[in-house]
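Step one of this worksheet: look at the structure below.
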Amino acid sequence: FHCFYTSGKRILSQENIYVIKDRETSEFRYAPIFAVAMSGLALMNEGKADTIWYLINFFLVILALFYLKKLVTLQEIDSKSVFILYLVSILGVIRIAFHNLNSGQSNILMFSSMVIGLYYIHKKRELLGAVIFAFSIMVKYTPLIFIPYFLLRKKFKLSLYIISAIFLYLFLPSLFIGLKTNLEYIKGLIPFLTNSTILDQITILTGKNQSLLSAVYRSFTPCVAYFHAPPMPFQSWNVNPVVIKTVFLGLALILYSLALIPPKKINFNKNARMYYNIDYALLSICSVLFNMNAWLHAFILLSMGYFVIVYYLIRNIFKDRLVLALLIISYAFNLFTTQSVVGKTLMYKIYFYSPITISALITFIGLLKIKFLTPPSAEFR
């Protein structure tokens with residue numbers, strides 16, 4: 001939170017917020033409007049502002065889960081099923097949610113904006129949904145991958161609304177700090193993103209980074225810079241970094257293509273809402289895996305996948321044993337690799353093998369099974 005708070009104070013005095021070697025703001029990789037939003041908290045002392053930010057995020061978690069349930073449930077379910085839906089789905093991300101709350105991260109704000117925006121898009125209030133969804137892109141840029149999806153689904157007006165809202169958010173700070181100053185911030189943002197530590201090898205190889213790129217890189221690279229780092233599976237192969245990046249790009253393209261490809265037309269026409277929800281969950285997982293700096297707190301986006309799968313299992317009366325097994329395995333990689341279960345030293349070693357990345361990929365496979373291999377049925381509409 002200190003990074004956000006400092007950026008808010010600096011934008012009030014129109015100082016540069018994109019300084020690579022500044023220890024206080026070097027991690028601020030957000031659009032100027034986010035700093036403007038933080039400037040309201042920067043008007044008070046940092047301790048009080050931190051408490052308010054915590055309460056805002058706590059409220060947003062509840063709001064996001066409420067809207068997520070409304071988005072995912074295709075028809076009314078009884079109170080027992082609602083309880084199971086919330087209990088089982090939240091179980092997979094509760095420690096991630098608390099990690100976000102305690103560290104003052106922005107992922108909850110991004111996640112809640114995504115979910116609420118998608119809900120209003122589903123309700124045919126596309127302009128409102130687009131404006132809310134576009135704000136999530138101002139917080140984290142990875143939700144941009146939804147726009148090609150909407151274009152392929154022929155939602156051209158919605159795509160135009162989202163793109164227009166992005167430009168609106170980029171220039172809105174001009175009302176507070178002036179057009180010239182805002183243009184300087186926008187001009188400095190892109191070079192800052194490309195020249196910061198986001199692609200530094202130390203950042204990529206650390207076990208804390210659970211992105212797809214990091215998982216691939218660590219598999220082929222000895223992590224000698226880290227104490228207690230275990231031997232990696234293919235480190236003796238001496239693979240060229242260009243080849244490693246090519247493997248990552250190939251895997252990313254496959255995952256993204258599977259999210260974009262529609263199911264059989266007859267299936268989609270009969271269960272359009274279900275398939276949209278599955279695709280939203282797949283794209284959410286892609287969004288976090290494609291994030292170059294996917295620390296644990298970023299995986300709050302798994303919530304959507306868990307909600308979709310658990311709702312499917314409830315409607316299916318838990319008959320789909322394969323999807324149920326995949327969900328359990330995903331939870332195992334997620335929940336049983338924590339410090340409280342395996343201890344600090346072993347957890348440190350395990351994270352070099354990317355357990356959270358694996359958990360996300362297993363969830364992705366479960367969603368693909370529902371999308372492509374589950375026959376359309378009235379009970380899921």
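All residue names refer to the structure tokens as shown: chains lettered A, B, ... in order, residues numbered from 1 in each chain, ligands numbered from 1 in order.
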
DSSP on the backbone, then: every residue of segment 77-262 of chain A marked helix (DSSP H, G or I), written as a ChimeraX atom specification. /A:79-91,94-103,107-122,126-139,142-152,156-171,174-177,179-195,197-199,201-205,212-220,235-237,241-260

Skipping near chain neighbours, those fewer than 2 positions away, what residues fall within 12 Å of Ile62 of chain A using only C-alpha atoms, listed as an NGL selection string? :A and (55-60 or 64-69 or 86 or 90 or 94 or 97 or 108-109 or 111-112 or 115-116)

**Request:** Find the residues around segment 345-358 of chain A up to 7 Å (only C-alpha atoms counted), leave out those fewer than 6 positions away in its own chain, and share them as a PyMOL selection string.
**Result:** chain A and resi 207-208+210-212+215+228-230+333-334+337-339

Counting only C-alpha atoms, give me one row per residue of segment 140-251 of chain A with an atom at most 8 Å from an atom of segment 287-298 of chain A, showing the shortest contact pair and its distance in Å to one decimal, sorted by chain then residue number, as a Markdown table.
| residue | atom | partner | partner_atom | distance |
| --- | --- | --- | --- | --- |
| A:Thr142 | CA | A:Ser287 | CA | 5.2 |
| A:Pro143 | CA | A:Ser287 | CA | 5.9 |
| A:Ile145 | CA | A:Ser287 | CA | 7.1 |
| A:Ile198 | CA | A:Asn293 | CA | 6.4 |
| A:Leu199 | CA | A:Met292 | CA | 7.1 |
| A:Thr203 | CA | A:Asn293 | CA | 7.6 |
| A:Ile204 | CA | A:Asn293 | CA | 7.4 |
| A:Lys208 | CA | A:Trp295 | CA | 5.7 |
| A:Asn209 | CA | A:Trp295 | CA | 4.8 |
| A:Gln210 | CA | A:Ala294 | CA | 5.3 |
| A:Ser211 | CA | A:Ala294 | CA | 4.8 |
| A:Leu212 | CA | A:Leu289 | CA | 5.1 |
| A:Leu213 | CA | A:Met292 | CA | 6.6 |
| A:Ser214 | CA | A:Met292 | CA | 7.6 |

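Close contacts of Tyr5 of chain A, defined as residues with an atom at most 8 Å away when counting only C-alpha atoms, with chain neighbours fewer than 5 positions off set aside, comprise Met38, Ser39, Leu41, Ala42, Glu46 and Ala49 of chain A.
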
May I have the residues from that selection written out with N, CA and C atoms, as a PDB file, in the first residue's frame?
ATOM      1  N   MET A  38      -5.862   7.198  -5.731  1.00  0.00           N
ATOM      2  CA  MET A  38      -5.135   7.043  -4.471  1.00  0.00           C
ATOM      3  C   MET A  38      -4.853   8.388  -3.800  1.00  0.00           C
ATOM      4  N   SER A  39      -4.923   9.478  -4.570  1.00  0.00           N
ATOM      5  CA  SER A  39      -4.622  10.790  -4.001  1.00  0.00           C
ATOM      6  C   SER A  39      -5.633  11.190  -2.932  1.00  0.00           C
ATOM      7  N   LEU A  41      -6.801   9.174  -0.644  1.00  0.00           N
ATOM      8  CA  LEU A  41      -6.273   8.581   0.588  1.00  0.00           C
ATOM      9  C   LEU A  41      -4.995   9.283   1.025  1.00  0.00           C
ATOM     10  N   ALA A  42      -4.263   9.831   0.067  1.00  0.00           N
ATOM     11  CA  ALA A  42      -2.994  10.488   0.380  1.00  0.00           C
ATOM     12  C   ALA A  42      -3.190  11.822   1.104  1.00  0.00           C
ATOM     13  N   GLU A  46      -0.782   8.122   6.656  1.00  0.00           N
ATOM     14  CA  GLU A  46      -0.689   6.816   6.009  1.00  0.00           C
ATOM     15  C   GLU A  46      -1.348   5.702   6.811  1.00  0.00           C
ATOM     16  N   ALA A  49      -5.053   5.969   6.252  1.00  0.00           N
ATOM     17  CA  ALA A  49      -5.337   5.634   4.853  1.00  0.00           C
ATOM     18  C   ALA A  49      -5.246   4.132   4.621  1.00  0.00           C
TER      19      ALA A  49
END
